[in-house]
Amino acid sequence: MPATTAETLALTSRTVSVAPLVLLSVADHYGRTAKGTKKRVVGVLLGQNDGRNVRVSNSFAVPFEEDEKDPSVWFLDHNYVESMNDMFKKVNAREKLIGWYHSGPKLRASDLEINELFKRYTSDPLLVIIDVQPKEVGVPTDAYFAVEEIKDDGTTTTKTFVHTPSTIEAEEAEEIGVEHLLRDIRDVAVGTLSTRITSQLQSLQGLHLRLRDIGHYLQKVLDGELPVNHAILGNLQDVFNLLPNLSTPKPTAATADATPGMPTVDNSELSRAMSIKTNDQLMSIYLSSLIRAITAFHDLIENKIQNRQQQEEKDAGTGAEKDEKEKAEGKDGEKKEEDKEGKANGVNGETKGKGKEGEGKKS
């Protein structure tokens with residue numbers, strides 16, 4: 001168990017927000033140095049930490065190597081960290097070194113030793129594991145703080161990591177940049193309705209994965225594999241209390257007789273209202289899809305008609321050109337024949353003239 005419950009609650013109650021720029025930087029770092037391998041990349045996180053809210057706004061990569069066979073053997077260039085940190089302070093003094101990141105995707109044995117190294121620059125370093133190749137829908141970041149673990153048998157305390165919730169938050173300028181990036185990735189042929197449905201489907205899939213994790217945790221607690229954590233159970237109870245009760249049965253006659261002053265209210269009104277709203281939304285989606293399909297079919301028919309007309313005009317133009325070409329060739333042939341006849345007549349005339357001149361000489 002951690003050192004004190006108050007310390008654990010203070011750590012878990014911190015809000016860690018990561019900027020999209022950090023995700024892009026880490027993905028680029030991984031793509032340049034470790035893509036296609038089993039290596040992980042390590043870097044430094046910059047931002048603000050006021051004790052309650054932690055904002056990660058920037059990052060930079062750090063040269064890092066480790067032995068794949070022996071995880072206790074690793075190298076991190078701390079001189080490079082110090083020089084880069086000094087340069088970033090000159091650019092933006094508000095961004096301070098608050099922790100470090102690696103591409104995980106899970107915690108490793110050497111993480112505690114690396115975390116101790118970063119205590120040279122900050123008293124309570126933040127570790128963020130950024131999954132650059134996520135296989136499930138959800139937030140690709142996991143935030144951790146290191147705390148002292150006190151054992152019940154009185155032995156020496158050891159360090160361990162405590163998980164802290166993390167979110168992805170963008171400022172206005174970052175939202176504009178992300179939108180421009182998504183324009184290049186998003187399929188232009190897909191409409192806004194399809195995009196909204198796809199995003200809602202992804203959100204529901206992420207919610208399903210979170211609920212599945214909660215179910216696995218509660219099952220392990222029931223089986224005795226994990227100890228009961230009242231803070232987690234209290235948070236789960238608060239979440240469940242926020243959910244609307246859609247399956248509340250109507251009061252029966254026996255209940256009404258037992259409590260005469262109890263009003264017979266239809267408790268399924270909320271369920272009916274949600275069903276009506278869902279049916280209306282599904283009807284709108286169905287009509288929109290039907291109209292879109294009819295419009296696309298109409299455009300397809302129009303394109304076929306235009307292509308057929310263009311082909312007919314092209315064939316008609318080709319036939320006219322052939323006729324004109326044949327007429328031109330016929331005229332050229334007639335001219336050639338006339339020229340040949342004229343030349344032949346000229347040659348014959350010259351021959352006759354020469355014959356008459358010869359006869360005159362003989363006489």
# chains A, B, ... in the order shown; residues from 1 in each chain; ligands from 1
>>> residues_around(residues="A:Ala146", least_positions_apart="6", cutoff="7 Å", atoms="only C-alpha atoms", output="NGL selection string")
:A and (159-162)
>>> residues_around(residues="A:Tyr217", least_positions_apart="3", cutoff="12 Å", atoms="only C-alpha atoms", output="short mmCIF file (atom, residue, chain, number, x, y, z; two decimals) with C-alpha atoms, in the first residue's frame")
data_model
loop_
_atom_site.label_atom_id
_atom_site.label_comp_id
_atom_site.auth_asym_id
_atom_site.auth_seq_id
_atom_site.Cartn_x
_atom_site.Cartn_y
_atom_site.Cartn_z
CA ARG A 210 -13.94 1.10 -19.76
CA LEU A 211 -17.01 -0.67 -18.38
CA ARG A 212 -15.40 -4.01 -19.16
CA ASP A 213 -12.28 -2.99 -17.20
CA ILE A 214 -14.49 -1.95 -14.27
CA LYS A 220 -11.18 -9.73 -9.00
CA VAL A 221 -12.20 -7.95 -5.79
CA LEU A 222 -15.03 -10.45 -5.29
CA ASP A 223 -12.68 -13.37 -5.94
CA GLY A 224 -10.19 -12.01 -3.41
CA GLU A 225 -7.42 -11.44 -5.95
CA LEU A 226 -7.34 -7.69 -5.22
CA PRO A 227 -7.92 -5.86 -1.91
CA VAL A 228 -10.97 -3.69 -1.40
CA ASN A 229 -10.23 -0.04 -2.17
CA ILE A 232 -12.42 3.40 -5.95
CA LEU A 233 -15.72 1.91 -4.82
CA LEU A 236 -17.92 3.97 -8.83
#
>>> residues_around(residues="A:Asn49", least_positions_apart="6", cutoff="12 Å", atoms="only C-alpha atoms", output="VMD selection string")
chain A and resid 14 to 17 55 to 57 94 to 99 122 to 126
>>> write_last_selection(atoms="N, CA, C and O atoms", output="short mmCIF file (atom, residue, chain, number, x, y, z; two decimals), in the first residue's frame")
data_model
loop_
_atom_site.label_atom_id
_atom_site.label_comp_id
_atom_site.auth_asym_id
_atom_site.auth_seq_id
_atom_site.Cartn_x
_atom_site.Cartn_y
_atom_site.Cartn_z
N ARG A 14 -5.32 14.59 -8.91
CA ARG A 14 -4.72 15.54 -9.84
C ARG A 14 -5.26 15.32 -11.25
O ARG A 14 -5.51 14.18 -11.66
N THR A 15 -5.43 16.40 -11.96
CA THR A 15 -5.89 16.31 -13.34
C THR A 15 -4.69 16.55 -14.26
O THR A 15 -4.06 17.61 -14.21
N VAL A 16 -4.39 15.57 -15.08
CA VAL A 16 -3.28 15.64 -16.02
C VAL A 16 -3.87 15.80 -17.42
O VAL A 16 -4.60 14.94 -17.89
N SER A 17 -3.57 16.92 -18.05
CA SER A 17 -4.04 17.17 -19.41
C SER A 17 -2.84 17.24 -20.35
O SER A 17 -1.85 17.91 -20.05
N ARG A 55 -0.47 20.44 -16.58
CA ARG A 55 -0.69 20.70 -18.00
C ARG A 55 0.60 20.40 -18.77
O ARG A 55 1.62 21.06 -18.55
N VAL A 56 0.57 19.40 -19.65
CA VAL A 56 1.71 19.03 -20.48
C VAL A 56 1.50 19.69 -21.84
O VAL A 56 0.61 19.31 -22.60
N SER A 57 2.31 20.71 -22.13
CA SER A 57 2.11 21.51 -23.34
C SER A 57 3.18 21.31 -24.40
O SER A 57 2.98 21.69 -25.55
N ARG A 94 7.66 29.93 -19.11
CA ARG A 94 6.57 29.32 -18.34
C ARG A 94 6.58 27.80 -18.44
O ARG A 94 6.06 27.11 -17.57
N GLU A 95 7.13 27.27 -19.52
CA GLU A 95 7.19 25.82 -19.69
C GLU A 95 8.40 25.27 -18.94
O GLU A 95 9.54 25.51 -19.33
N LYS A 96 8.12 24.54 -17.88
CA LYS A 96 9.19 23.96 -17.06
C LYS A 96 9.21 22.45 -17.22
O LYS A 96 8.22 21.84 -17.63
N LEU A 97 10.32 21.86 -16.87
CA LEU A 97 10.45 20.41 -16.95
C LEU A 97 9.62 19.79 -15.82
O LEU A 97 9.91 20.02 -14.63
N ILE A 98 8.60 19.03 -16.18
CA ILE A 98 7.70 18.45 -15.17
C ILE A 98 7.73 16.92 -15.17
O ILE A 98 7.10 16.31 -14.30
N GLY A 99 8.42 16.30 -16.12
CA GLY A 99 8.46 14.84 -16.12
C GLY A 99 9.03 14.30 -17.42
O GLY A 99 9.75 15.00 -18.14
N THR A 122 13.18 18.04 -11.21
CA THR A 122 11.88 18.35 -10.60
C THR A 122 11.64 17.42 -9.43
O THR A 122 12.05 16.25 -9.46
N SER A 123 11.01 17.93 -8.39
CA SER A 123 10.85 17.14 -7.16
C SER A 123 9.88 15.98 -7.32
O SER A 123 10.05 14.93 -6.70
N ASP A 124 8.84 16.15 -8.15
CA ASP A 124 7.82 15.11 -8.31
C ASP A 124 7.59 14.88 -9.80
O ASP A 124 6.63 15.39 -10.38
N PRO A 125 8.49 14.13 -10.46
CA PRO A 125 8.37 13.97 -11.92
C PRO A 125 7.14 13.16 -12.31
O PRO A 125 6.74 12.22 -11.63
N LEU A 126 6.55 13.56 -13.40
CA LEU A 126 5.38 12.88 -13.97
C LEU A 126 5.85 11.95 -15.08
O LEU A 126 6.65 12.33 -15.93
#
>>> closest_residue(among="A:Thr164, A:Ser275, A:Ser194, A:Ala173", to="A:Asn53", atoms="only C-alpha atoms")
A:Thr164
>>> select_by_dssp(residues="stretch 2-205 of chain A", states="alpha helix (DSSP H)", output="ChimeraX atom specification")
/A:5-12,20-33,78-91,111-117,172-185,192-205
>>> atom_distance(atom1="atom CA of A:Val44", atom2="atom CA of A:Ile150")
29.2 Å
>>> select_by_dssp(residues="stretch 123-196 of chain A", states="strand (DSSP E or B)", output="number ranges by chain")
A: 126-130, 141-149, 158-164, 166-168
>>> residues_around(residues="A:Leu193", least_positions_apart="5", cutoff="9 Å", atoms="only C-alpha atoms", output="PyMOL selection string")
chain A and resi 198+285+288
>>> write_last_selection(atoms="C-alpha atoms", output="short mmCIF file (atom, residue, chain, number, x, y, z; two decimals), in the first residue's frame")
data_model
loop_
_atom_site.label_atom_id
_atom_site.label_comp_id
_atom_site.auth_asym_id
_atom_site.auth_seq_id
_atom_site.Cartn_x
_atom_site.Cartn_y
_atom_site.Cartn_z
CA THR A 198 -18.62 7.14 -36.68
CA ILE A 285 -31.16 9.07 -40.16
CA SER A 288 -31.47 11.21 -44.78
#
>>> residues_around(residues="A:Val73", least_positions_apart="5", cutoff="12 Å", atoms="only C-alpha atoms", output="PyMOL selection string")
chain A and resi 64-68+109-111+113-114
>>> write_last_selection(atoms="N, CA, C and O atoms", output="PDB file, in the first residue's frame")
ATOM      1  N   PHE A  64      18.322   7.739 -26.001  1.00  0.00           N
ATOM      2  CA  PHE A  64      18.111   6.707 -24.987  1.00  0.00           C
ATOM      3  C   PHE A  64      18.390   5.342 -25.606  1.00  0.00           C
ATOM      4  O   PHE A  64      17.973   5.062 -26.729  1.00  0.00           O
ATOM      5  N   GLU A  65      19.094   4.507 -24.853  1.00  0.00           N
ATOM      6  CA  GLU A  65      19.380   3.138 -25.273  1.00  0.00           C
ATOM      7  C   GLU A  65      19.249   2.228 -24.053  1.00  0.00           C
ATOM      8  O   GLU A  65      19.525   2.638 -22.924  1.00  0.00           O
ATOM      9  N   GLU A  66      18.803   0.993 -24.299  1.00  0.00           N
ATOM     10  CA  GLU A  66      18.711   0.008 -23.225  1.00  0.00           C
ATOM     11  C   GLU A  66      18.946  -1.382 -23.789  1.00  0.00           C
ATOM     12  O   GLU A  66      18.711  -1.635 -24.982  1.00  0.00           O
ATOM     13  N   ASP A  67      19.414  -2.261 -22.914  1.00  0.00           N
ATOM     14  CA  ASP A  67      19.678  -3.641 -23.304  1.00  0.00           C
ATOM     15  C   ASP A  67      18.364  -4.418 -23.305  1.00  0.00           C
ATOM     16  O   ASP A  67      17.633  -4.427 -22.309  1.00  0.00           O
ATOM     17  N   GLU A  68      18.054  -5.055 -24.434  1.00  0.00           N
ATOM     18  CA  GLU A  68      16.805  -5.804 -24.528  1.00  0.00           C
ATOM     19  C   GLU A  68      16.808  -7.032 -23.612  1.00  0.00           C
ATOM     20  O   GLU A  68      15.753  -7.423 -23.108  1.00  0.00           O
ATOM     21  N   ALA A 109      10.662  -2.415 -15.829  1.00  0.00           N
ATOM     22  CA  ALA A 109      11.396  -2.531 -14.569  1.00  0.00           C
ATOM     23  C   ALA A 109      12.315  -1.345 -14.331  1.00  0.00           C
ATOM     24  O   ALA A 109      12.546  -0.936 -13.188  1.00  0.00           O
ATOM     25  N   SER A 110      12.868  -0.762 -15.392  1.00  0.00           N
ATOM     26  CA  SER A 110      13.830   0.336 -15.237  1.00  0.00           C
ATOM     27  C   SER A 110      13.163   1.699 -15.099  1.00  0.00           C
ATOM     28  O   SER A 110      13.873   2.703 -14.961  1.00  0.00           O
ATOM     29  N   ASP A 111      11.840   1.772 -15.123  1.00  0.00           N
ATOM     30  CA  ASP A 111      11.164   3.067 -15.077  1.00  0.00           C
ATOM     31  C   ASP A 111      11.396   3.792 -13.758  1.00  0.00           C
ATOM     32  O   ASP A 111      11.521   5.023 -13.732  1.00  0.00           O
ATOM     33  N   GLU A 113      14.075   3.636 -11.873  1.00  0.00           N
ATOM     34  CA  GLU A 113      15.428   4.187 -11.869  1.00  0.00           C
ATOM     35  C   GLU A 113      15.507   5.438 -12.739  1.00  0.00           C
ATOM     36  O   GLU A 113      16.150   6.432 -12.367  1.00  0.00           O
ATOM     37  N   ILE A 114      14.856   5.411 -13.899  1.00  0.00           N
ATOM     38  CA  ILE A 114      14.845   6.594 -14.764  1.00  0.00           C
ATOM     39  C   ILE A 114      14.092   7.734 -14.087  1.00  0.00           C
ATOM     40  O   ILE A 114      14.492   8.908 -14.178  1.00  0.00           O
TER      41      ILE A 114
END
>>> atom_distance(atom1="atom CA of A:Phe75", atom2="atom CA of A:Lys35")
19.6 Å
>>> atom_distance(atom1="atom CA of A:Asn115", atom2="atom CA of A:Phe145")
9.2 Å
>>> residues_around(residues="stretch 206-208 of chain A", least_positions_apart="2", cutoff="12 Å", atoms="only C-alpha atoms", output="number ranges by chain")
A: 135-140, 199-204, 210-215
